[in-house]
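Data block for structure-v6.txt (compact mmCIF, C-alpha atoms):
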```
# COMPACT_ATOMS: atom_id res chain seq x y z
CA MET A 1 25.78 -10.74 29.31
CA SER A 2 22.63 -11.44 31.37
CA SER A 3 19.47 -13.01 29.94
CA LYS A 4 17.56 -9.81 30.66
CA THR A 5 19.99 -7.79 28.56
CA SER A 6 19.84 -10.37 25.77
CA ALA A 7 16.06 -10.33 25.74
CA TYR A 8 16.02 -6.54 25.74
CA ARG A 9 18.36 -6.39 22.75
CA LEU A 10 16.36 -9.06 20.94
CA PHE A 11 13.11 -7.14 21.34
CA ALA A 12 14.74 -3.78 20.63
CA ALA A 13 16.14 -5.12 17.37
CA ARG A 14 12.60 -5.45 15.98
CA PRO A 15 9.99 -2.80 15.28
CA LEU A 16 7.49 -2.15 18.06
CA TRP A 17 4.52 -3.49 16.09
CA GLY A 18 6.41 -6.70 15.34
CA THR A 19 7.18 -7.19 19.01
CA LEU A 20 3.56 -6.60 20.01
CA PHE A 21 2.42 -9.08 17.35
CA ASP A 22 4.81 -11.74 18.67
CA ILE A 23 3.62 -11.22 22.23
CA ALA A 24 -0.05 -11.34 21.21
CA LEU A 25 0.50 -14.48 19.13
CA THR A 26 2.31 -16.24 21.97
CA ILE A 27 -0.42 -15.38 24.46
CA ALA A 28 -3.12 -16.57 22.05
CA VAL A 29 -1.37 -19.90 21.35
CA LEU A 30 -0.63 -20.48 25.04
CA SER A 31 -4.21 -19.69 26.05
CA GLY A 32 -5.65 -21.89 23.31
CA SER A 33 -3.43 -24.80 24.27
CA LEU A 34 -4.47 -24.53 27.93
CA VAL A 35 -8.12 -24.45 26.93
CA LEU A 36 -7.70 -27.56 24.80
CA LEU A 37 -5.89 -29.31 27.65
CA ALA A 38 -8.41 -28.31 30.31
CA HIS A 39 -11.50 -29.33 28.34
CA GLY A 40 -10.11 -32.48 26.79
CA LEU A 41 -10.38 -31.28 23.18
CA GLY A 42 -8.26 -32.94 20.54
CA LEU A 43 -8.58 -36.27 22.37
CA LEU A 44 -6.51 -39.31 21.61
CA PRO A 45 -8.75 -42.02 20.15
CA HIS A 46 -8.13 -44.62 22.88
CA ARG A 47 -9.46 -42.18 25.44
CA GLY A 48 -11.59 -39.90 23.31
CA LEU A 49 -14.53 -42.28 23.43
CA ASP A 50 -14.37 -42.70 27.22
CA PRO A 51 -16.63 -40.14 28.94
CA ALA A 52 -14.65 -40.56 32.14
CA PHE A 53 -11.77 -38.66 30.59
CA ALA A 54 -13.66 -36.05 28.62
CA GLY A 55 -13.35 -32.77 30.37
CA SER A 56 -11.58 -34.35 33.35
CA GLY A 57 -9.12 -31.49 33.42
CA ASP A 58 -6.18 -33.63 34.65
CA ILE A 59 -3.46 -30.99 34.34
CA ASP A 60 -0.19 -31.60 36.13
CA GLY A 61 3.06 -29.71 36.29
CA LEU A 62 4.71 -31.61 33.44
CA ALA A 63 1.76 -30.87 31.18
CA LEU A 64 2.03 -27.18 31.97
CA VAL A 65 5.76 -27.24 31.19
CA LEU A 66 5.16 -28.93 27.84
CA VAL A 67 2.38 -26.47 26.98
CA GLY A 68 4.76 -23.61 27.79
CA CYS A 69 7.48 -25.17 25.62
CA SER A 70 5.02 -25.41 22.74
CA ALA A 71 4.02 -21.73 22.91
CA LEU A 72 6.56 -19.48 24.65
CA PRO A 73 9.37 -20.00 22.06
CA LEU A 74 7.20 -18.13 19.55
CA LEU A 75 8.46 -14.90 21.17
CA VAL A 76 11.80 -15.34 19.39
CA TRP A 77 10.69 -16.90 16.11
CA ARG A 78 12.10 -14.01 14.09
CA ARG A 79 15.63 -14.78 15.30
CA PHE A 80 15.43 -18.60 15.33
CA PRO A 81 12.50 -19.71 13.10
CA LEU A 82 13.65 -23.30 12.57
CA GLY A 83 14.79 -23.70 16.18
CA VAL A 84 11.45 -22.42 17.49
CA PHE A 85 9.59 -24.91 15.32
CA ALA A 86 11.84 -27.76 16.49
CA VAL A 87 11.26 -26.92 20.17
CA THR A 88 7.49 -26.58 19.83
CA ALA A 89 7.14 -29.72 17.70
CA ALA A 90 9.33 -31.74 20.08
CA ALA A 91 7.21 -30.59 23.01
CA GLY A 92 4.07 -31.67 21.14
CA ALA A 93 5.54 -35.08 20.32
CA LEU A 94 6.63 -35.63 23.91
CA PHE A 95 3.18 -34.53 25.11
CA ALA A 96 1.52 -37.12 22.85
CA GLY A 97 3.98 -39.82 23.89
CA LEU A 98 3.25 -39.32 27.60
CA ASP A 99 -0.36 -40.38 26.99
CA TYR A 100 -2.09 -37.13 27.84
CA HIS A 101 -5.64 -36.97 26.62
CA SER A 102 -4.99 -33.90 24.38
CA THR A 103 -2.59 -33.10 21.57
CA LEU A 104 -0.59 -29.86 21.28
CA VAL A 105 -1.12 -28.69 17.71
CA LEU A 106 -1.44 -24.91 18.03
CA GLY A 107 2.19 -24.12 18.89
CA PRO A 108 3.87 -26.31 16.24
CA ALA A 109 1.33 -25.23 13.59
CA ALA A 110 1.92 -21.53 14.32
CA ALA A 111 5.70 -22.06 14.31
CA LEU A 112 5.55 -23.94 10.98
CA TYR A 113 3.40 -21.20 9.45
CA LEU A 114 5.87 -18.51 10.58
CA LEU A 115 8.82 -20.59 9.38
CA THR A 116 7.27 -20.96 5.92
CA ALA A 117 5.94 -17.42 5.59
CA GLY A 118 9.10 -15.76 6.88
CA ARG A 119 11.61 -17.38 4.57
CA ASP A 120 13.23 -15.36 1.77
CA ARG A 121 16.30 -15.43 -0.45
CA LEU A 122 18.61 -15.04 2.54
CA ASN A 123 16.79 -17.78 4.47
CA PRO A 124 15.55 -20.30 1.87
CA TRP A 125 13.83 -23.60 2.47
CA THR A 126 16.66 -26.16 2.38
CA TRP A 127 16.95 -29.92 2.64
CA HIS A 128 17.96 -29.43 6.25
CA THR A 129 14.63 -27.72 6.94
CA THR A 130 12.75 -30.52 5.19
CA ALA A 131 14.61 -33.12 7.26
CA VAL A 132 13.76 -31.36 10.53
CA VAL A 133 10.07 -30.92 9.67
CA GLY A 134 9.72 -34.46 8.32
CA GLY A 135 11.62 -36.01 11.23
CA LEU A 136 9.57 -34.25 13.88
CA GLY A 137 6.36 -35.13 12.06
CA ALA A 138 7.36 -38.77 12.03
CA ALA A 139 8.31 -38.55 15.71
CA HIS A 140 4.90 -37.09 16.53
CA VAL A 141 3.10 -39.88 14.64
CA GLY A 142 5.29 -42.51 16.33
CA ALA A 143 4.58 -41.05 19.75
CA THR A 144 0.87 -41.12 18.99
CA ILE A 145 1.08 -44.80 17.96
CA ALA A 146 3.04 -45.69 21.07
CA ALA A 147 0.57 -43.92 23.35
CA ALA A 148 -2.35 -45.79 21.76
CA ASP A 149 -0.76 -49.23 22.38
CA GLY A 150 -0.19 -49.72 18.65
CA THR A 151 -3.84 -49.30 17.64
CA PRO A 152 -4.36 -45.58 16.98
CA GLY A 153 -7.36 -44.35 15.05
CA VAL A 154 -7.26 -42.53 11.74
CA ALA A 155 -8.05 -39.24 13.47
CA ALA A 156 -5.03 -39.57 15.76
CA LEU A 157 -2.69 -40.23 12.86
CA CYS A 158 -4.09 -37.49 10.65
CA LEU A 159 -4.65 -34.70 13.17
CA THR A 160 -1.09 -33.43 13.50
CA PRO A 161 0.04 -34.06 9.85
CA LEU A 162 -3.11 -32.42 8.50
CA THR A 163 -2.67 -29.41 10.79
CA TRP A 164 0.95 -29.04 9.72
CA VAL A 165 0.07 -29.33 6.01
CA VAL A 166 -2.54 -26.59 6.36
CA ALA A 167 -0.05 -24.39 8.25
CA TRP A 168 2.60 -24.97 5.57
CA PHE A 169 0.25 -24.10 2.71
CA ALA A 170 -0.97 -20.99 4.52
CA GLY A 171 2.61 -19.86 5.16
CA GLU A 172 3.60 -20.52 1.55
CA ARG A 173 0.60 -18.55 0.35
CA THR A 174 1.55 -15.64 2.61
CA ARG A 175 5.16 -15.75 1.41
CA LEU A 176 4.17 -15.75 -2.25
CA ARG A 177 1.77 -12.87 -1.64
CA ARG A 178 4.48 -10.87 0.11
CA GLU A 179 6.96 -11.49 -2.69
CA GLN A 180 4.36 -10.48 -5.26
CA ILE A 181 3.69 -7.22 -3.44
CA ALA A 182 7.43 -6.59 -3.13
CA GLU A 183 7.87 -7.23 -6.87
CA LEU A 184 5.04 -4.85 -7.71
CA ARG A 185 6.62 -2.18 -5.53
CA ALA A 186 10.01 -2.77 -7.16
CA ARG A 187 8.41 -2.46 -10.59
CA ALA A 188 6.75 0.78 -9.55
CA VAL A 189 10.08 2.14 -8.35
CA ARG A 190 11.78 1.07 -11.58
CA ALA A 191 9.01 2.63 -13.65
CA GLU A 192 9.37 5.87 -11.70
CA ARG A 193 13.12 5.85 -12.22
CA GLU A 194 12.73 5.13 -15.93
CA ALA A 195 10.21 7.96 -16.21
CA GLU A 196 12.63 10.29 -14.46
CA ARG A 197 15.43 9.11 -16.77
CA GLU A 198 13.25 9.77 -19.80
CA ARG A 199 12.39 13.20 -18.46
CA LEU A 200 16.07 14.05 -17.97
CA LEU A 201 16.88 12.71 -21.44
CA ALA A 202 14.12 14.81 -22.96
CA ALA A 203 15.40 17.85 -21.09
CA THR A 204 18.94 17.18 -22.36
CA GLU A 205 17.71 16.83 -25.94
CA GLU A 206 15.74 20.04 -25.57
CA ARG A 207 18.80 21.89 -24.30
CA ALA A 208 20.86 20.50 -27.18
CA ARG A 209 18.22 21.66 -29.68
CA ILE A 210 18.12 25.12 -28.14
CA ALA A 211 21.92 25.31 -28.19
CA ARG A 212 21.96 24.38 -31.89
CA ASP A 213 19.28 26.93 -32.70
CA LEU A 214 21.12 29.65 -30.81
CA HIS A 215 24.36 28.77 -32.55
CA ASP A 216 22.75 28.83 -35.97
CA SER A 217 20.78 32.04 -35.43
CA ALA A 218 23.52 33.99 -33.70
CA GLY A 219 26.28 32.70 -35.98
CA HIS A 220 24.33 33.53 -39.11
CA ALA A 221 23.41 37.01 -37.87
CA ILE A 222 26.90 37.87 -36.69
CA SER A 223 28.45 36.76 -39.99
CA VAL A 224 26.01 38.82 -42.04
CA ILE A 225 26.40 41.83 -39.73
CA ALA A 226 30.18 41.60 -39.95
CA VAL A 227 30.13 41.49 -43.74
CA ARG A 228 27.66 44.35 -44.07
CA ALA A 229 29.42 46.44 -41.44
CA GLY A 230 32.69 46.04 -43.31
CA ALA A 231 31.02 47.03 -46.58
CA ALA A 232 29.44 50.09 -44.92
CA ARG A 233 32.78 51.15 -43.52
CA LEU A 234 34.50 50.89 -46.91
CA ARG A 235 31.71 52.75 -48.73
CA HIS A 236 31.14 55.42 -46.12
CA HIS A 237 33.17 58.12 -47.88
CA ARG A 238 32.55 57.06 -51.48
CA ASP A 239 28.84 56.19 -51.31
CA PRO A 240 27.17 57.43 -48.10
CA ASP A 241 23.69 56.40 -49.29
CA ARG A 242 24.61 52.73 -49.73
CA SER A 243 26.52 52.85 -46.47
CA PHE A 244 23.36 54.12 -44.76
CA GLN A 245 21.31 51.32 -46.37
CA ALA A 246 23.79 48.75 -45.10
CA LEU A 247 23.48 50.15 -41.58
CA GLU A 248 19.69 49.96 -41.81
CA ALA A 249 19.95 46.34 -42.94
CA ILE A 250 22.26 45.60 -40.01
CA GLU A 251 19.77 47.18 -37.61
CA GLU A 252 16.87 45.17 -39.04
CA LEU A 253 18.84 41.91 -38.96
CA ALA A 254 19.88 42.54 -35.37
CA ARG A 255 16.26 43.08 -34.33
CA GLN A 256 15.13 39.92 -36.11
CA THR A 257 17.89 37.93 -34.46
CA VAL A 258 17.02 39.25 -31.03
CA GLU A 259 13.38 38.27 -31.56
CA GLU A 260 14.39 34.82 -32.74
CA ILE A 261 16.68 34.30 -29.76
CA ASP A 262 13.91 35.47 -27.43
CA GLN A 263 11.57 32.94 -29.03
CA ILE A 264 14.10 30.12 -28.64
CA VAL A 265 15.04 30.93 -25.05
CA GLY A 266 11.40 31.56 -24.18
CA THR A 267 10.69 27.83 -24.50
CA LEU A 268 12.82 27.30 -21.41
CA ARG A 269 10.43 29.44 -19.39
CA THR A 270 7.07 28.38 -20.82
CA GLU A 271 7.49 24.78 -21.97
CA GLY A 272 8.54 21.56 -20.37
CA PRO A 273 10.46 18.85 -22.19
CA GLY A 274 8.41 17.54 -25.08
CA ASP A 275 5.75 20.26 -24.75
CA ASN A 276 5.17 21.80 -28.13
CA THR A 277 2.14 23.91 -27.31
CA GLU A 278 2.22 27.46 -28.59
CA GLY A 279 0.83 30.51 -26.92
CA PRO A 280 -0.93 33.30 -28.71
CA GLY A 281 2.24 35.31 -29.03
CA ASP A 282 4.50 32.53 -30.31
CA LYS A 283 5.86 32.66 -33.84
CA THR A 284 6.28 29.75 -36.21
CA PRO A 285 9.93 28.57 -36.24
CA PRO A 286 11.74 29.37 -39.50
CA GLY A 287 11.46 26.84 -42.32
CA LEU A 288 11.62 26.66 -46.09
CA ALA A 289 8.87 29.28 -46.23
CA SER A 290 11.55 31.75 -45.08
CA LEU A 291 14.03 30.56 -47.72
CA ASP A 292 13.71 33.66 -49.92
CA GLY A 293 14.38 35.96 -46.98
CA LEU A 294 17.45 33.95 -45.99
CA ILE A 295 18.90 34.12 -49.51
CA ALA A 296 18.05 37.79 -49.75
CA ARG A 297 19.93 38.62 -46.55
CA HIS A 298 23.05 36.83 -47.74
CA SER A 299 22.77 38.38 -51.19
CA ALA A 300 22.50 41.82 -49.63
CA ALA A 301 25.61 41.04 -47.58
CA GLY A 302 27.59 40.35 -50.76
CA LEU A 303 27.25 36.57 -51.14
CA ARG A 304 26.03 35.59 -54.61
CA VAL A 305 23.52 32.80 -54.06
CA THR A 306 21.88 30.78 -56.84
CA LEU A 307 19.04 28.36 -56.22
CA ASP A 308 17.88 25.32 -58.23
CA ALA A 309 14.84 23.35 -57.09
CA SER A 310 13.57 20.16 -58.73
CA GLY A 311 10.46 18.13 -58.02
CA PRO A 312 7.16 19.17 -56.47
CA ALA A 313 7.63 20.52 -52.95
CA PRO A 314 5.36 18.60 -50.54
CA ALA A 315 4.34 19.75 -47.09
CA LEU A 316 7.24 18.92 -44.79
CA GLY A 317 6.88 17.94 -41.14
CA GLY A 318 7.80 20.67 -38.67
CA PRO A 319 11.11 19.12 -37.52
CA ALA A 320 12.18 18.30 -41.09
CA ASP A 321 11.28 21.77 -42.34
CA GLN A 322 13.26 23.46 -39.59
CA ALA A 323 16.21 21.09 -40.02
CA VAL A 324 16.52 21.82 -43.75
CA TYR A 325 16.34 25.56 -43.08
CA ARG A 326 18.93 25.44 -40.29
CA ILE A 327 21.34 23.31 -42.32
CA LEU A 328 21.04 25.69 -45.26
CA GLN A 329 21.49 28.67 -42.95
CA GLU A 330 24.66 27.21 -41.45
CA ALA A 331 26.04 26.22 -44.87
CA LEU A 332 25.50 29.74 -46.26
CA THR A 333 27.04 31.25 -43.14
CA ASN A 334 30.14 29.10 -43.62
CA ALA A 335 30.24 30.04 -47.29
CA ALA A 336 30.13 33.74 -46.39
CA ARG A 337 32.92 33.30 -43.81
CA HIS A 338 35.32 31.04 -45.66
CA GLY A 339 34.12 31.01 -49.28
CA ALA A 340 35.08 33.03 -52.34
CA GLY A 341 31.87 35.08 -52.50
CA SER A 342 29.33 32.72 -54.10
CA ALA A 343 27.25 29.64 -53.28
CA HIS A 344 25.02 27.33 -55.29
CA VAL A 345 22.00 25.72 -53.58
CA GLU A 346 20.19 22.67 -54.94
CA LEU A 347 16.90 21.42 -53.52
CA THR A 348 15.52 18.06 -54.73
CA PHE A 349 12.17 16.71 -53.57
CA ASP A 350 11.96 12.93 -53.99
CA ALA A 351 9.17 10.54 -53.05
CA THR A 352 10.32 10.12 -49.44
CA ASP A 353 12.83 12.82 -48.57
CA VAL A 354 14.26 16.19 -49.47
CA GLY A 355 17.83 16.61 -50.65
CA LEU A 356 19.87 19.75 -49.99
CA THR A 357 23.24 20.47 -51.60
CA VAL A 358 25.25 23.64 -51.03
CA THR A 359 28.44 24.14 -53.03
CA ASN A 360 30.72 27.16 -52.80
CA PRO A 361 34.23 27.92 -54.04
CA VAL A 362 36.80 28.49 -51.31
CA ARG A 363 39.84 30.63 -50.90
CA ALA A 364 43.30 29.22 -50.29
CA ASN A 365 43.25 27.04 -47.13
CA GLY A 366 39.53 27.70 -46.94
CA ALA A 367 38.46 24.07 -47.30
CA ARG A 368 40.50 23.03 -44.28
CA ARG A 369 39.00 25.77 -42.11
CA HIS A 370 35.58 25.12 -43.62
CA SER A 371 35.53 21.47 -42.48
CA GLY A 372 35.90 22.04 -38.73
CA GLY A 373 33.98 23.63 -35.90
CA HIS A 374 30.71 23.02 -34.13
CA GLY A 375 28.54 24.17 -37.04
CA LEU A 376 29.11 21.03 -39.10
CA ILE A 377 28.62 18.88 -36.01
CA GLY A 378 25.28 20.57 -35.36
CA MET A 379 24.19 20.07 -38.99
CA ARG A 380 25.03 16.38 -38.86
CA GLU A 381 23.17 15.97 -35.57
CA ARG A 382 20.08 17.64 -37.00
CA ALA A 383 20.09 15.28 -39.97
CA THR A 384 20.79 12.04 -38.10
CA LEU A 385 18.27 12.74 -35.32
CA LEU A 386 15.54 12.84 -37.98
CA GLY A 387 16.67 9.66 -39.71
CA GLY A 388 18.57 11.47 -42.47
CA SER A 389 22.22 11.90 -43.38
CA LEU A 390 24.74 14.65 -44.02
CA ASP A 391 27.94 14.40 -46.06
CA VAL A 392 30.72 16.98 -46.23
CA GLU A 393 33.15 16.99 -49.16
CA PRO A 394 35.98 19.50 -48.77
CA ALA A 395 38.26 19.99 -51.78
CA CYS A 396 41.06 22.31 -52.79
CA ASP A 397 38.80 24.67 -54.76
CA ALA A 398 35.24 24.00 -53.56
CA PHE A 399 33.32 22.89 -50.52
CA ARG A 400 30.18 20.79 -50.76
CA VAL A 401 27.55 19.95 -48.13
CA HIS A 402 24.88 17.38 -49.00
CA ALA A 403 22.00 16.46 -46.68
CA ARG A 404 18.96 14.21 -47.02
CA ILE A 405 16.03 14.57 -44.61
CA PRO A 406 12.86 12.38 -44.58
CA TYR A 407 9.67 14.34 -45.05
CA GLY A 408 8.12 13.15 -41.83
CA GLY A 409 11.26 13.75 -39.82
CA HIS A 410 11.02 10.39 -38.10
CA ARG A 411 13.87 8.50 -36.53
CA PRO A 412 14.80 5.21 -38.19
```
Rewrite the structure from the file as structure tokens, please.
Amino acid sequence: MSSKTSAYRLFAARPLWGTLFDIALTIAVLSGSLVLLAHGLGLLPHRGLDPAFAGSGDIDGLALVLVGCSALPLLVWRRFPLGVFAVTAAAGALFAGLDYHSTLVLGPAAALYLLTAGRDRLNPWTWHTTAVVGGLGAAHVGATIAAADGTPGVAALCLTPLTWVVAWFAGERTRLRREQIAELRARAVRAEREAERERLLAATEERARIARDLHDSAGHAISVIAVRAGAARLRHHRDPDRSFQALEAIEELARQTVEEIDQIVGTLRTEGPGDNTEGPGDKTPPGLASLDGLIARHSAAGLRVTLDASGPAPALGGPADQAVYRILQEALTNAARHGAGSAHVELTFDATDVGLTVTNPVRANGARRHSGGHGLIGMRERATLLGGSLDVEPACDAFRVHARIPYGGHRP
């Protein structure tokens, strides 16, 4: 492969702006080095005080070659950072050793800066790099001493080391700044991902809540409708008036259920995850304030419900109030489906939480059927999500559900 092809691939492998920067830097370093050489700046001490040499402009072919070797390798510093520094520093040391009246500090300093600033985890600063930099620095100082016949001045000894130290600190500062910016960007990306994860989690929890509400509302309504429809069918010929009343109750319950389902599903259209704002047409979700209506509907459907409440009833938090209502609704629905026609409800209000116990006798094999299904899973999830608990005690002749919900409805 020809050198032209290699150079083309080397430049094409980098972004355009990076290539233009490398070219501009090389031209600047080369021009600066020629200016220093032509005007006698950066003089060696044994000649720097002799006006005959100042600005003499003695530039020969070898000097031009060494100046080129100290600047032109910067074009490929991205591919060979340590090699570029070694070439430029060696050219500077050889230039000083040949007793020219200038020193080449721009090329090695720029290469050292780029070597330091460009290193990362894949290209760390190793002992090998330290050995190369230290060895070439010592070679440059030795060449300076040899060119000055063993009596160099302080300026000659300090010029190159000081320039390299400044270049190293500047490159290290640039590298640390770049890593800090990269870390800040990574943190921003992680924060955005965590926010998206929280949003998806909130959406999942919202869907789960809606699914539980739909299950409770629809399951309760269907159970009551089934019981009342069966009673209306049996009483149609013997007692048409009571049959008609049962049909009216079924119609009213169906309308209420449809409205409740519309309210639940409507949150999907009008609210985002975690948004609890209510519009002017929204209704308050059912809670213990609707307890009498819930018991009345089941009583009208044929389930004998008795209620015992103990302790002063404090104002419950919204989630806790709804959870107690939904658990009671599901327990009474299960009692109407699988029980023997009655249920006893106990409400106890303690200092920190509310206790709910629903006990109903069961028919043969009723306890086994009573203890399965998604309803009990939903009740337990409602209780545990609010920091409470739910226990189910199936027996041969009775089924008992006991739940405790903190007033505030906070997670533990």
Subject >> Selection near A:Leu72, 10 Å with only C-alpha atoms, sequence-local residues under 6 positions removed, as JSON, numbers by chain >> reply: {"A": [22, 23, 25, 26, 27, 29, 30, 84, 87, 88, 107]}
Edge lengths and centre in Å to one decimal, as JSON, of the axis-aligned box that encloses all listed atoms of stretch 192-197 of chain A with 4 Å added on every side?
```
{"center_x": 12.4, "center_y": 7.7, "center_z": -14.2, "size_x": 14.1, "size_y": 13.2, "size_z": 13.1}
```
Original post:
From the list A:Pro124, A:Pro319, A:Pro361, A:Pro312, which residue is nearest A:Ala336 when using all atoms listed in the file?
Top reply: A:Pro361
Original post:
atom CA of A:Trp125 and atom CA of A:Ala170, how far apart in Å?
Top reply: 15.2 Å
Subject >> 12 Å contact set for stretch 172-188 of chain A, all atoms listed in the file, chain neighbours under 2 positions out, as a ChimeraX atom specification >> reply: /A:112-121,124-125,165-170,190-195
Generate a file of the selected residues that holds C-alpha atoms, formatted as a tab-separated table (two decimals), keeping the file's coordinate frame.
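New file again12.tsv:
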```tsv
chain	number	residue	atom	x	y	z
A	112	LEU	CA	5.55	-23.94	10.98
A	113	TYR	CA	3.40	-21.20	9.45
A	114	LEU	CA	5.87	-18.51	10.58
A	115	LEU	CA	8.82	-20.59	9.38
A	116	THR	CA	7.27	-20.96	5.92
A	117	ALA	CA	5.94	-17.42	5.59
A	118	GLY	CA	9.10	-15.76	6.88
A	119	ARG	CA	11.61	-17.38	4.57
A	120	ASP	CA	13.23	-15.36	1.77
A	121	ARG	CA	16.30	-15.43	-0.45
A	124	PRO	CA	15.55	-20.30	1.87
A	125	TRP	CA	13.83	-23.60	2.47
A	165	VAL	CA	0.07	-29.33	6.01
A	166	VAL	CA	-2.54	-26.59	6.36
A	167	ALA	CA	-0.05	-24.39	8.25
A	168	TRP	CA	2.60	-24.97	5.57
A	169	PHE	CA	0.25	-24.10	2.71
A	170	ALA	CA	-0.97	-20.99	4.52
A	190	ARG	CA	11.78	1.07	-11.58
A	191	ALA	CA	9.01	2.63	-13.65
A	192	GLU	CA	9.37	5.87	-11.70
A	193	ARG	CA	13.12	5.85	-12.22
A	194	GLU	CA	12.73	5.13	-15.93
A	195	ALA	CA	10.21	7.96	-16.21
```
Original post:
With all atoms listed in the file as the atoms that count, which of A:Ala109, A:Ala320, A:Leu303, A:Val258 lies nearest to A:Arg337?
Top reply: A:Leu303
**OP:** Tell me, in Å to one decimal, how far atom CA of A:Val345 is from atom CA of A:Asp397.
**Re:** 16.9 Å
**OP:** Go ahead and compute the interatomic distance for atom CA of A:Ala289 and atom CA of A:His338, in Å to one decimal.
**Re:**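 That distance, rounded to one decimal, is 26.5 Å.
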**OP:** Identify which of the residues A:Ala218, A:Leu316, A:Cys158, A:Ala28 lies closest to A:Thr352, counting all atoms listed in the file when measuring atom-to-atom distances.
**Re:**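 The closest residue to A:Thr352 is A:Leu316.
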Who sits within 9 Å of A:Leu376, only C-alpha atoms, same chain under 6 positions skipped, as a compact mmCIF listing (two decimals) with C-alpha atoms, in the frame of the given file:
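File out-v1.txt, as written:
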```txt
# COMPACT_ATOMS: atom_id res chain seq x y z
CA ILE A 327 21.34 23.31 -42.32
CA GLU A 330 24.66 27.21 -41.45
CA ALA A 331 26.04 26.22 -44.87
CA HIS A 370 35.58 25.12 -43.62
CA VAL A 392 30.72 16.98 -46.23
```
Original post:
Pick from A:Gly134, A:Gly61, A:Gly355, A:Gly387: nearest to A:Ala309, with all atoms listed in the file counted?
Top reply: A:Gly355
Subject >> Distance criterion (all atoms listed in the file): nearest to A:Gly97 out of A:Gly68, A:Gly293, A:Gly142, A:Pro240 >> reply: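 Looking at the shortest contact to A:Gly97, the residue is A:Gly142.
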Subject >> Residues within 10 Å of stretch 402-406 of chain A, all atoms listed in the file, excluding chain neighbours under 5 positions, as JSON, numbers by chain >> reply: {"A": [316, 317, 319, 320, 321, 323, 324, 327, 328, 331, 345, 346, 347, 348, 349, 350, 351, 352, 353, 354, 355, 356, 357, 358, 359, 379, 380, 382, 383, 384, 385, 386, 387, 388, 389, 390, 391, 392, 393, 411, 412]}
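Among the candidates A:Ile225, A:Ile295, A:Ala131, A:Ala111, the one nearest to A:Arg78 when counting all atoms listed in the file is A:Ala111.
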